[in-house]
Every structure is written in C-alpha cells, then in structure tokens.
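Asker: This one is data-v4.txt, compact mmCIF, C-alpha atoms.
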```txt
# COMPACT_ATOMS: atom_id res chain seq x y z
CA LYS A 1 0.00 0.00 0.00
CA ALA A 2 1.21 3.46 -0.76
CA GLY A 3 1.87 5.63 2.25
CA VAL A 4 0.56 9.07 3.08
CA THR A 5 1.62 11.61 0.50
CA GLN A 6 1.82 15.36 0.89
CA THR A 7 2.27 18.02 -1.73
CA PRO A 8 4.13 20.19 -2.17
CA ARG A 9 7.13 19.19 -0.07
CA TYR A 10 8.50 22.71 0.15
CA LEU A 11 6.92 26.14 -0.15
CA ILE A 12 8.14 29.68 0.16
CA LYS A 13 5.55 32.42 0.63
CA THR A 14 5.54 36.01 1.79
CA ARG A 15 3.59 37.56 4.62
CA GLY A 16 -0.04 38.21 3.80
CA GLN A 17 -0.29 35.53 1.15
CA GLN A 18 -2.35 32.40 1.50
CA VAL A 19 -1.31 28.79 0.98
CA THR A 20 -3.00 25.45 0.37
CA LEU A 21 -1.40 22.15 1.32
CA SER A 22 -2.61 18.76 0.17
CA CYS A 23 -2.62 15.35 1.81
CA SER A 24 -3.57 11.99 0.30
CA PRO A 25 -4.21 9.32 2.94
CA ILE A 26 -3.50 5.63 2.79
CA SER A 27 -6.11 3.85 0.71
CA GLY A 28 -9.08 2.91 2.89
CA HIS A 29 -8.32 5.43 5.62
CA ARG A 30 -11.13 7.87 6.30
CA SER A 31 -9.50 10.05 8.92
CA VAL A 32 -6.94 12.74 8.18
CA SER A 33 -5.32 14.78 10.94
CA TRP A 34 -3.05 17.80 10.54
CA TYR A 35 -0.21 18.84 12.83
CA GLN A 36 2.13 21.81 12.89
CA GLN A 37 5.73 21.23 13.93
CA THR A 38 7.98 24.13 14.96
CA PRO A 39 11.20 24.26 16.98
CA GLY A 40 9.56 26.43 19.62
CA GLN A 41 6.13 24.85 20.02
CA GLY A 42 6.85 21.28 18.96
CA LEU A 43 4.09 19.18 17.44
CA GLN A 44 0.65 20.70 17.77
CA PHE A 45 -2.68 19.33 16.61
CA LEU A 46 -4.51 21.49 14.09
CA PHE A 47 -7.65 19.55 13.17
CA GLU A 48 -9.01 16.18 12.12
CA TYR A 49 -11.41 15.29 9.34
CA PHE A 50 -13.44 12.13 9.02
CA SER A 51 -15.85 11.41 6.17
CA GLU A 52 -15.67 15.03 4.98
CA THR A 53 -16.54 16.45 8.42
CA GLN A 54 -14.28 18.22 10.85
CA ARG A 55 -14.47 16.09 13.94
CA ASN A 56 -11.89 17.75 16.16
CA LYS A 57 -10.04 21.04 16.24
CA GLY A 58 -6.97 22.35 18.03
CA ASN A 59 -6.26 25.83 19.34
CA PHE A 60 -5.31 27.66 16.20
CA PRO A 61 -6.76 30.90 14.80
CA GLY A 62 -9.42 30.89 12.13
CA ARG A 63 -6.78 31.63 9.49
CA PHE A 64 -6.12 27.90 9.57
CA SER A 65 -8.82 25.89 7.86
CA GLY A 66 -9.22 22.59 6.16
CA ARG A 67 -11.50 20.36 4.23
CA GLN A 68 -11.81 16.77 3.17
CA PHE A 69 -13.09 15.41 -0.09
CA SER A 70 -15.20 12.34 -0.76
CA ASN A 71 -12.08 10.34 -1.65
CA SER A 72 -10.66 11.22 1.82
CA ARG A 73 -7.98 13.50 0.41
CA SER A 74 -7.60 16.57 2.54
CA GLU A 75 -6.39 20.11 2.12
CA MET A 76 -5.47 22.70 4.66
CA ASN A 77 -5.40 26.40 3.97
CA VAL A 78 -3.64 29.17 5.79
CA SER A 79 -4.74 32.69 4.93
CA THR A 80 -2.93 35.95 5.63
CA LEU A 81 0.36 34.23 6.36
CA GLU A 82 2.50 35.41 9.24
CA LEU A 83 6.19 34.82 9.85
CA GLY A 84 5.28 32.53 12.73
CA ASP A 85 3.45 30.18 10.37
CA SER A 86 6.81 28.93 9.11
CA ALA A 87 6.77 25.28 10.07
CA LEU A 88 6.66 21.69 8.97
CA TYR A 89 3.04 20.71 8.41
CA LEU A 90 2.38 17.02 8.84
CA CYS A 91 -0.72 15.10 7.99
CA ALA A 92 -1.58 11.68 9.31
CA SER A 93 -4.19 9.16 8.28
CA SER A 94 -5.95 6.35 10.05
CA LEU A 95 -9.07 4.25 9.69
CA GLY A 96 -10.74 6.67 12.06
CA ASP A 97 -12.88 4.27 14.01
CA HIS A 98 -11.08 4.46 17.33
CA ASN A 99 -8.44 6.49 19.10
CA LYS A 100 -6.24 3.46 19.68
CA GLU A 101 -5.55 3.15 15.97
CA THR A 102 -2.16 4.05 14.62
CA GLN A 103 -1.86 7.33 12.78
CA TYR A 104 0.43 7.09 9.77
CA PHE A 105 2.29 10.24 8.95
CA GLY A 106 3.30 11.74 5.65
CA PRO A 107 6.71 13.33 5.00
CA GLY A 108 5.36 16.82 5.60
CA THR A 109 5.28 20.13 3.79
CA ARG A 110 7.90 22.61 4.90
CA LEU A 111 6.54 26.14 4.68
CA LEU A 112 8.78 29.16 4.90
CA VAL A 113 7.13 32.56 5.24
CA LEU A 114 9.32 35.55 4.40
CA ALA B 1 -6.24 17.81 30.26
CA GLN B 2 -3.70 15.42 28.90
CA SER B 3 -0.01 16.20 28.71
CA VAL B 4 3.28 14.48 28.01
CA THR B 5 6.68 15.24 29.48
CA GLN B 6 9.85 13.91 27.97
CA LEU B 7 12.82 14.27 30.28
CA GLY B 8 15.95 15.27 28.44
CA SER B 9 15.75 17.09 25.14
CA HIS B 10 19.09 15.57 24.13
CA VAL B 11 20.47 12.15 25.00
CA SER B 12 23.86 10.88 23.87
CA VAL B 13 24.97 7.25 24.07
CA SER B 14 27.80 5.15 22.74
CA GLU B 15 27.16 2.56 20.08
CA GLY B 16 26.22 -0.68 21.84
CA ALA B 17 25.07 1.05 25.02
CA LEU B 18 21.60 0.97 26.52
CA VAL B 19 19.15 3.54 25.23
CA LEU B 20 16.64 4.93 27.74
CA LEU B 21 14.28 7.73 26.73
CA ARG B 22 11.89 8.90 29.41
CA CYS B 23 8.22 9.76 29.01
CA ASN B 24 5.69 10.67 31.68
CA TYR B 25 2.08 11.42 30.91
CA SER B 26 -0.87 13.03 32.58
CA SER B 27 -4.34 11.73 31.83
CA SER B 28 -7.54 11.55 33.84
CA VAL B 29 -8.68 8.46 31.97
CA PRO B 30 -6.84 5.36 30.77
CA PRO B 31 -4.43 6.53 28.10
CA TYR B 32 -3.30 5.18 24.81
CA LEU B 33 0.44 5.78 24.48
CA PHE B 34 2.66 5.94 21.43
CA TRP B 35 6.33 6.36 20.58
CA TYR B 36 7.22 7.81 17.20
CA VAL B 37 10.62 8.38 15.61
CA GLN B 38 11.50 11.16 13.19
CA TYR B 39 14.56 11.06 10.96
CA PRO B 40 15.83 14.28 9.36
CA ASN B 41 13.52 15.69 6.72
CA GLN B 42 10.99 12.94 7.22
CA GLY B 43 7.64 12.43 8.85
CA LEU B 44 6.95 10.41 11.96
CA GLN B 45 7.17 6.64 12.05
CA LEU B 46 5.47 4.58 14.72
CA LEU B 47 7.86 2.57 16.90
CA LEU B 48 5.29 1.04 19.24
CA LYS B 49 2.06 1.71 21.08
CA TYR B 50 0.21 0.69 24.21
CA THR B 51 -3.55 0.45 24.23
CA THR B 52 -4.60 -2.28 26.64
CA GLY B 53 -3.32 -5.64 27.84
CA ALA B 54 0.36 -6.48 28.30
CA THR B 55 2.22 -3.54 29.76
CA LEU B 56 5.54 -4.40 28.12
CA VAL B 57 5.26 -3.50 24.48
CA LYS B 58 7.75 -4.50 21.83
CA GLY B 59 8.21 -2.40 18.74
CA ILE B 60 10.30 -2.18 15.63
CA ASN B 61 14.09 -1.95 15.46
CA GLY B 62 14.56 -3.64 18.85
CA PHE B 63 12.78 -0.96 20.89
CA GLU B 64 10.40 -1.68 23.71
CA ALA B 65 8.49 0.31 26.31
CA GLU B 66 6.75 -0.49 29.56
CA PHE B 67 3.52 1.13 30.68
CA LYS B 68 3.64 1.79 34.43
CA LYS B 69 0.34 3.18 35.61
CA SER B 70 1.53 3.82 39.17
CA GLU B 71 4.39 5.97 37.85
CA THR B 72 2.42 7.40 34.88
CA SER B 73 5.40 6.50 32.73
CA PHE B 74 6.04 4.94 29.36
CA HIS B 75 9.82 4.90 28.97
CA LEU B 76 11.41 3.69 25.75
CA THR B 77 14.42 1.37 25.85
CA LYS B 78 16.73 -0.48 23.54
CA PRO B 79 19.44 -2.80 24.90
CA SER B 80 22.13 -1.89 22.38
CA ALA B 81 22.23 1.37 20.42
CA HIS B 82 23.10 1.43 16.76
CA MET B 83 24.34 4.39 14.76
CA SER B 84 21.14 4.26 12.71
CA ASP B 85 19.10 4.97 15.87
CA ALA B 86 20.20 8.61 15.82
CA ALA B 87 16.97 10.54 15.37
CA GLU B 88 14.35 12.46 17.30
CA TYR B 89 11.87 10.49 19.38
CA PHE B 90 8.41 11.62 20.39
CA CYS B 91 6.11 10.21 23.02
CA ALA B 92 2.40 10.85 22.49
CA VAL B 93 -0.85 10.21 24.30
CA THR B 94 -4.48 10.04 23.39
CA GLN B 95 -7.49 8.66 25.21
CA GLU B 96 -10.53 6.55 24.62
CA SER B 97 -13.22 9.16 25.02
CA GLY B 98 -13.48 12.33 23.05
CA GLY B 99 -10.86 14.06 20.96
CA TYR B 100 -10.84 11.60 18.14
CA ASN B 101 -7.39 11.07 16.69
CA LYS B 102 -5.94 14.00 18.61
CA LEU B 103 -2.43 13.04 19.64
CA ILE B 104 -0.76 15.10 22.35
CA PHE B 105 2.99 15.00 21.85
CA GLY B 106 5.90 15.54 24.15
CA ALA B 107 8.63 18.00 23.19
CA GLY B 108 10.82 15.26 21.80
CA THR B 109 14.21 13.80 22.65
CA ARG B 110 17.05 13.95 20.18
CA LEU B 111 19.18 10.83 20.42
CA ALA B 112 22.82 10.98 19.34
CA VAL B 113 24.83 7.77 18.99
CA HIS B 114 28.60 8.05 18.87
CA PRO B 115 31.16 5.39 17.99
```
As structure tokens, how would this structure be written, given the file I've shared?

Answerer:
Amino acid sequence: KAGVTQTPRYLIKTRGQQVTLSCSPISGHRSVSWYQQTPGQGLQFLFEYFSETQRNKGNFPGRFSGRQFSNSRSEMNVSTLELGDSALYLCASSLGDHNKETQYFGPGTRLLVL
Amino acid sequence: AQSVTQLGSHVSVSEGALVLLRCNYSSSVPPYLFWYVQYPNQGLQLLLKYTTGATLVKGINGFEAEFKKSETSFHLTKPSAHMSDAAEYFCAVTQESGGYNKLIFGAGTRLAVHP
C-alpha cells in the first residue's frame, strides 16, 4: 500500500499571502489529521477530518482551515500568512474508528514565510 | 487535560550502550500511548504503542516500552544502540473518550549515537 503523500514538499511564501497544502491518505483510511511542527512549540494538533466532516479542532486561529473530499484526500489552507506560520506541516491518516488506531504520517510540507 | 513530558531534550549514548528515553504522561482516563521516531527531513514513524493488555510492548528496530500506571510513565528502551538509531523520538498520548485522533505530543528527545 502506498503511504501518506503530501504536496508540495516545500513552499516559500511572503507575509499576507495564503497557501493550500494537500494530503492523500492511505487507501481505505477515512480520517486525516493535521499537525504543525515548529522548533519552539513542537508538534501541535490542528484539526481532524473524518468522512468530509471536521471532527476535532486544536487551538489555532481561524486563518487555519481545512476540508476533506469524498475520496478522503484533505487540504489545509492558511490565509494571511504570518512569519510565525513557518513550520513543517504534517498530515496523518488512520481508519478513524477508534483512538487506539495508529496514525500514519506523511513526509510533511515545509513552509517558509518571508 | 492530557499532557506528556519527555525528560531530556538531548540524549547521547555510545554505540552498543543501553538507550533509555523517558516519558511521563498526565491523563484523567486510561491513556493510549505511542512512541514515534522522526529522521531528518521525514515524517513520523510509529515505533510502538500501548492500548490495553500487556504492559511491556515491543516495537520495531529492537525498541520496547513499559507502561507503568503507578508511575504514569512509558519509557522507551533499547538494549544496544546502533548508529542508525540517531533521530528524534516523540512520546504521544491520546485517550478513549473524546478528541478523536488527537495526539498530544511531548517535546521530543534527540538521540545521538557516537562510535
């Protein structure tokens, strides 16, 4: 089975712009979660989608949003980029039926905001 | 609220020595506990997890961890370090009720292995 894929792998944007990141889960997985990884804050949960519905949300401002399509692929969008949004954005997929399931992570998208 | 504390942001061991990475958690309900490893410029890879049952959990690459409820700990060990073990290791917790698929991570421990 192919693993979790994320595109693009690297992005450079300037402050005020917006960005869209994409995540394709493992075939058969219905849950996609997004995490932000920074040196200062570590790994932080952004949100989780299951069957096209946001099921859980972390403590991030409304500039961070996401969606999930019927094929379980997910996108996250960050509007009005700030310097502090520079980070590695990781998505993870799982079957989504129970918290004890393993989440499988993609390689991440590294975003640099100038 | 759940939380995870990893003692030691950097750990250095000699090749062949014991690896011990410490993780303590806080959870008001029975936790599910995970250890992930991250190599440079890569995502996270699951090493092992504890959900229920046997408290000593064996994972990939010779790693194991023991869930100790009385100590709220889930320390990761490996009897003999290999150069390829150099990476960053993250302990994470989630719980049965609520917060679907929301992993709470520790700050991570960077393991260095020297000859």

Asker: Which residue, A:Ser79, A:Thr109, A:Gln17, A:Ser93, has the smallest gap to Ser33 of chain A when you use only C-alpha atoms?

Answerer: A:Ser93

Asker: As a PyMOL selection string, could you give me every residue of chain A near chain B (at most 9 Å apart, counting all atoms listed in the file)?

Answerer: chain A and resi 31-33+41-48+55-58+90-91+94+96-108

Asker: Counting only C-alpha atoms, figure out which residue out of A:Arg110, A:His29, A:Arg15, A:Arg9 gets nearest to Tyr89 of chain A.

Answerer: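 Selected residue with least distance to Tyr89 of chain A: A:Arg110.
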
Asker: Using all atoms listed in the file, which protein or nucleic acid residues come within 6 Å of segment 18-27 of chain A? Drop anything in the same chain fewer than 2 positions from it, and give the result as a tab-separated table (two decimals) with C-alpha atoms, in the coordinates of the input.

Answerer:
```tsv
chain	number	residue	atom	x	y	z
A	3	GLY	CA	1.87	5.63	2.25
A	4	VAL	CA	0.56	9.07	3.08
A	5	THR	CA	1.62	11.61	0.50
A	6	GLN	CA	1.82	15.36	0.89
A	7	THR	CA	2.27	18.02	-1.73
A	29	HIS	CA	-8.32	5.43	5.62
A	73	ARG	CA	-7.98	13.50	0.41
A	74	SER	CA	-7.60	16.57	2.54
A	75	GLU	CA	-6.39	20.11	2.12
A	76	MET	CA	-5.47	22.70	4.66
A	77	ASN	CA	-5.40	26.40	3.97
A	78	VAL	CA	-3.64	29.17	5.79
A	79	SER	CA	-4.74	32.69	4.93
A	80	THR	CA	-2.93	35.95	5.63
A	81	LEU	CA	0.36	34.23	6.36
A	93	SER	CA	-4.19	9.16	8.28
```

Asker: Report, in Å to a single decimal, how far apart atom CA of Phe69 of chain A and atom CA of Leu112 of chain A are.

Answerer: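 About the pair atom CA of Leu112 of chain A and atom CA of Phe69 of chain A: they are 26.3 Å apart.
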
Asker: One number please: atom CA of Arg30 of chain A to atom CA of Ser65 of chain A, in Å, one decimal.

Answerer: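 Atom CA of Arg30 of chain A sits 18.2 Å away from atom CA of Ser65 of chain A.
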
Asker: Which residues are near Leu47 of chain B? Cut-off 8 Å, only C-alpha atoms, ignore same chain within fewer than 4 positions. Put them as a ChimeraX atom specification.

Answerer: /B:34-37,59-61,63

Asker: Excluding Ser70 of chain B and residues on its chain fewer than 6 positions from it, collect all residues at most 12 Å away from it, counting only C-alpha atoms, and give them as a PDB file with C-alpha atoms, in the frame of the given file.

Answerer:
```
ATOM      1  CA  ASN B  24       5.690  10.670  31.680  1.00  0.00           C
ATOM      2  CA  TYR B  25       2.080  11.420  30.910  1.00  0.00           C
ATOM      3  CA  SER B  26      -0.870  13.030  32.580  1.00  0.00           C
ATOM      4  CA  PRO B  30      -6.840   5.360  30.770  1.00  0.00           C
ATOM      5  CA  THR B  55       2.220  -3.540  29.760  1.00  0.00           C
TER       6      THR B  55
END
```

Asker: Go ahead and compute the interatomic distance for atom CA of Leu111 of chain B and atom CA of Ser3 of chain B, in Å to one decimal.

Answerer: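 Value for the atom CA of Leu111 of chain B-atom CA of Ser3 of chain B distance: 21.6 Å.
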
Asker: Excluding Leu114 of chain A and its own-chain neighbours fewer than 5 positions away, which residues fall within 10 Å of it when counting all atoms listed in the file? Please give them as a ChimeraX atom specification.

Answerer: /A:12-16,81-86

Asker: Assuming 3 Å of padding per side, give the centre and edge lengths of the axis-aligned box around every listed atom of segment 28-43 of chain B, in Å to one decimal and as JSON.

Answerer:
```
{"center_x": 3.6, "center_y": 10.4, "center_z": 20.3, "size_x": 30.5, "size_y": 16.5, "size_z": 33.1}
```
